[in-house]
Structures are given as C-alpha cells and as structure tokens.
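Trainee: I am attaching a structure below and will ask some questions about it afterwards.
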Amino acid sequence: MDRITDRLRALADEKYREFHSGLIPTVDKNSIIGVRIPEIRKLAKSLSEDGRREFIGVLPHRYYDENVLHAAIISDIRDFGEALEQTERFLPYVDNWAVCDLLNPKAFPKNRETVLPRIYEWLGSERTYTVRFGIVTLMRNYLDGDFKEEYPERVAMIRSEEFYINMAIAWYFATALAKQWDSAVKYVEEHRLPDWTHRKTIQKACESFRITDEQKSYLRSLR
C-alpha cells in the first residue's frame, strides 16, 4: 500500500491539485495528492493482478487519489461477479461525485438484466453517492436499444435534499431527452420532477448538442 501511495505522490501535479480541489468541495484538500486521471488509469493498468487485488482489498483509503485508483481498477475488472462484488464493497466508501462518476464497471453492460435489481436497490439507499451511482449507471447503460419506460419512472420517484443526487437526476433526464425524447419529455411537460431538478434538467438539455434547436425552444417554454 505504501509503495502505491509513493507512486501516486511521484505523479502529483500541484497546479492540478489546486484546481481539482475546488471542484470537489466535499473532500478535504489535505487528502488530495493531485494526480491527473489519465495518469491514475495508467498506474492501474501497470499494476500486476496480485497488486491490484491487494490494493482494492484494503479499505478505507487515506487519500482521495487512492479512491480514484480503486474506482479505476474496479472499472477494468472483466469478470462480472467479481466486478459486482467489488463495486458493492467499495460503494459505502465513496464520498464525492468525482470518484462516484469514475466508477464505471466494464462488465456491467453485458449483464444488464442481472445488474438491474441491484441498481434499484442502490436507488433506494440512504447513502448519497450510492444513489448517485445507481442513477448514473442507469443513465449510461439503459437509455438505448433495450430502453424501458420503467427506468425513468424509477429515477423520477427519487426525492432527496442532496445536491449531488438531484444533479444526477437532472443529468439523467437531460440525457434521456437526447436519447429517448418521447418518453422523457413527458416528465418535463407534466412537471413530475421537483422544481429545482425540473429547471436544471431543462438547462442541461438546452446545453446539449444532441438536442435540436426546436426541441430546446419547446423545453424553454416549459420552465
């Protein structure tokens, strides 16, 4: 563990640390080493299989960058059972949006039906970033050819005072408007989201290049 932490320190970029710490206000700046994400991904791939297993076997971590590395390692696990097990083991320790959104297991898309019940469990969690992870996973993997009406319904049912959950809901619906317009627009037309999330959804959708000018004009009329 100390050896890997030393490697992270050797990759530190002080300017990046100063900049990035401002983007994750929920994280203690003193816990941020300041390693750029591409460098962490390279480090994850350079570790031996035993090294990766040893690293993710130890929780909690001391540094934010160690959590980023942990998320990167899990994301690269090809075996579905192991990826799911390690994801659920790690989620209670995720305490910021950046690590949450980086966690994106490559094994999940090919196992959508098996993952789906777990996603619904995550959506009902009391932990902010477990809920956010569930929303983002549903957004990434369930808005294309095998889309079902129940997916946005599940997200729309979430009620929370947590900023990072509500931002994820708005992100989900803005993406859904780009990919599944006919289904997603009903949630805006019927004002089925809380006021703040409703307005943020429209804002994010209108910033998207994947939504037409005509659609943006219509969304603005629904503010």
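In the structure tokens, chains take letters A, B, ... by order of appearance, with residues numbered from 1 within each chain and ligands from 1 in the order shown.
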Listing only residues of segment 161-180 of chain A within 9 Å of segment 125-136 of chain A, what is the closest atom pair and its distance in Å (to one decimal) for each, using only C-alpha atoms, sorted by chain and residue number ascending, as a tab-separated table?

Mentor:
residue	atom	partner	partner_atom	distance
A:Glu162	CA	A:Thr128	CA	7.0
A:Tyr164	CA	A:Arg132	CA	7.1
A:Ile165	CA	A:Arg132	CA	5.3
A:Asn166	CA	A:Arg132	CA	8.5
A:Met167	CA	A:Arg132	CA	8.8
A:Ala168	CA	A:Arg132	CA	6.1
A:Ile169	CA	A:Ile135	CA	6.8
A:Trp171	CA	A:Val136	CA	8.3
A:Tyr172	CA	A:Val136	CA	6.9

Trainee: Write to file, as a compact mmCIF listing (two decimals), in the first residue's frame, the residues of the selection just made, with N, CA and C atoms.

Mentor:
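Output contents, as saved in selection-v5.txt:
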# COMPACT_ATOMS: atom_id res chain seq x y z
N GLU A 162 -30.36 16.16 -1.23
CA GLU A 162 -28.93 16.13 -1.53
C GLU A 162 -28.65 16.70 -2.92
N TYR A 164 -26.04 16.50 -4.88
CA TYR A 164 -25.40 15.63 -5.87
C TYR A 164 -26.32 14.51 -6.36
N ILE A 165 -27.35 14.23 -5.62
CA ILE A 165 -28.39 13.32 -6.13
C ILE A 165 -29.27 14.05 -7.13
N ASN A 166 -29.69 15.24 -6.79
CA ASN A 166 -30.57 15.99 -7.69
C ASN A 166 -29.87 16.39 -8.98
N MET A 167 -28.57 16.68 -8.89
CA MET A 167 -27.82 16.95 -10.11
C MET A 167 -27.78 15.72 -11.01
N ALA A 168 -27.63 14.55 -10.40
CA ALA A 168 -27.60 13.31 -11.18
C ALA A 168 -28.95 13.04 -11.84
N ILE A 169 -30.04 13.35 -11.13
CA ILE A 169 -31.37 13.18 -11.72
C ILE A 169 -31.54 14.09 -12.93
N TRP A 171 -29.15 15.31 -14.78
CA TRP A 171 -28.25 14.78 -15.80
C TRP A 171 -28.91 13.60 -16.51
N TYR A 172 -29.52 12.73 -15.72
CA TYR A 172 -30.21 11.57 -16.30
C TYR A 172 -31.28 12.01 -17.29

Trainee: Please build the interface table for segment 57-145 of chain A against segment 11-25 of chain A with a cut-off of 9 Å, listing for each qualifying residue the nearest atom pair and the distance in Å to one decimal; count only C-alpha atoms, order rows by chain and increasing number, and write it as CSV.

Mentor:
residue,atom,partner,partner_atom,distance
A:Asn96,CA,A:Ile24,CA,6.9
A:Trp97,CA,A:Ile24,CA,7.4
A:Ala98,CA,A:Ile24,CA,7.2

Trainee: Would you kindly return, as a PyMOL selection string, each protein, DNA or RNA residue with an atom no farther than 9 Å from any atom of Ile77 of chain A, considering only C-alpha atoms and excluding same-chain residues fewer than 6 positions away?

Mentor: chain A and resi 83+105-107

Trainee: How would the residues just chosen look if you wrote them out with N, CA and C atoms as a JSON list (two decimals), in the first residue's frame?

Mentor:
[["chain", "number", "residue", "atom", "x", "y", "z"],
["A", 83, "ALA", "N", -16.63, -8.00, -10.42],
["A", 83, "ALA", "CA", -16.86, -6.56, -10.58],
["A", 83, "ALA", "C", -18.02, -6.10, -9.71],
["A", 105, "PRO", "N", -17.96, 0.09, -14.14],
["A", 105, "PRO", "CA", -17.50, -1.27, -14.46],
["A", 105, "PRO", "C", -17.82, -1.69, -15.90],
["A", 106, "LYS", "N", -16.78, -2.11, -16.61],
["A", 106, "LYS", "CA", -16.95, -2.54, -17.99],
["A", 106, "LYS", "C", -17.75, -3.84, -18.10],
["A", 107, "ALA", "N", -17.84, -4.57, -17.01],
["A", 107, "ALA", "CA", -18.56, -5.83, -17.03],
["A", 107, "ALA", "C", -20.08, -5.66, -16.95]]

Trainee: Name the residues in contact with Tyr142 of chain A at a cut-off of 10 Å, using only C-alpha atoms, excluding same-chain residues fewer than 2 positions from it; report them as a list in words.

Mentor: Pro109, Arg112, Leu116, Val136, Thr137, Leu138, Met139, Arg140, Asp144, Gly145, Asp146, Phe147, Lys148, Tyr151, Pro152 and Ala176 of chain A

Trainee: Which residue gives the smallest distance to Arg62 of chain A among A:Met157, A:Ile32, A:Val115, A:Cys206, with only C-alpha atoms counted?

Mentor: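 Closest to Arg62 of chain A of all the choices is A:Ile32.
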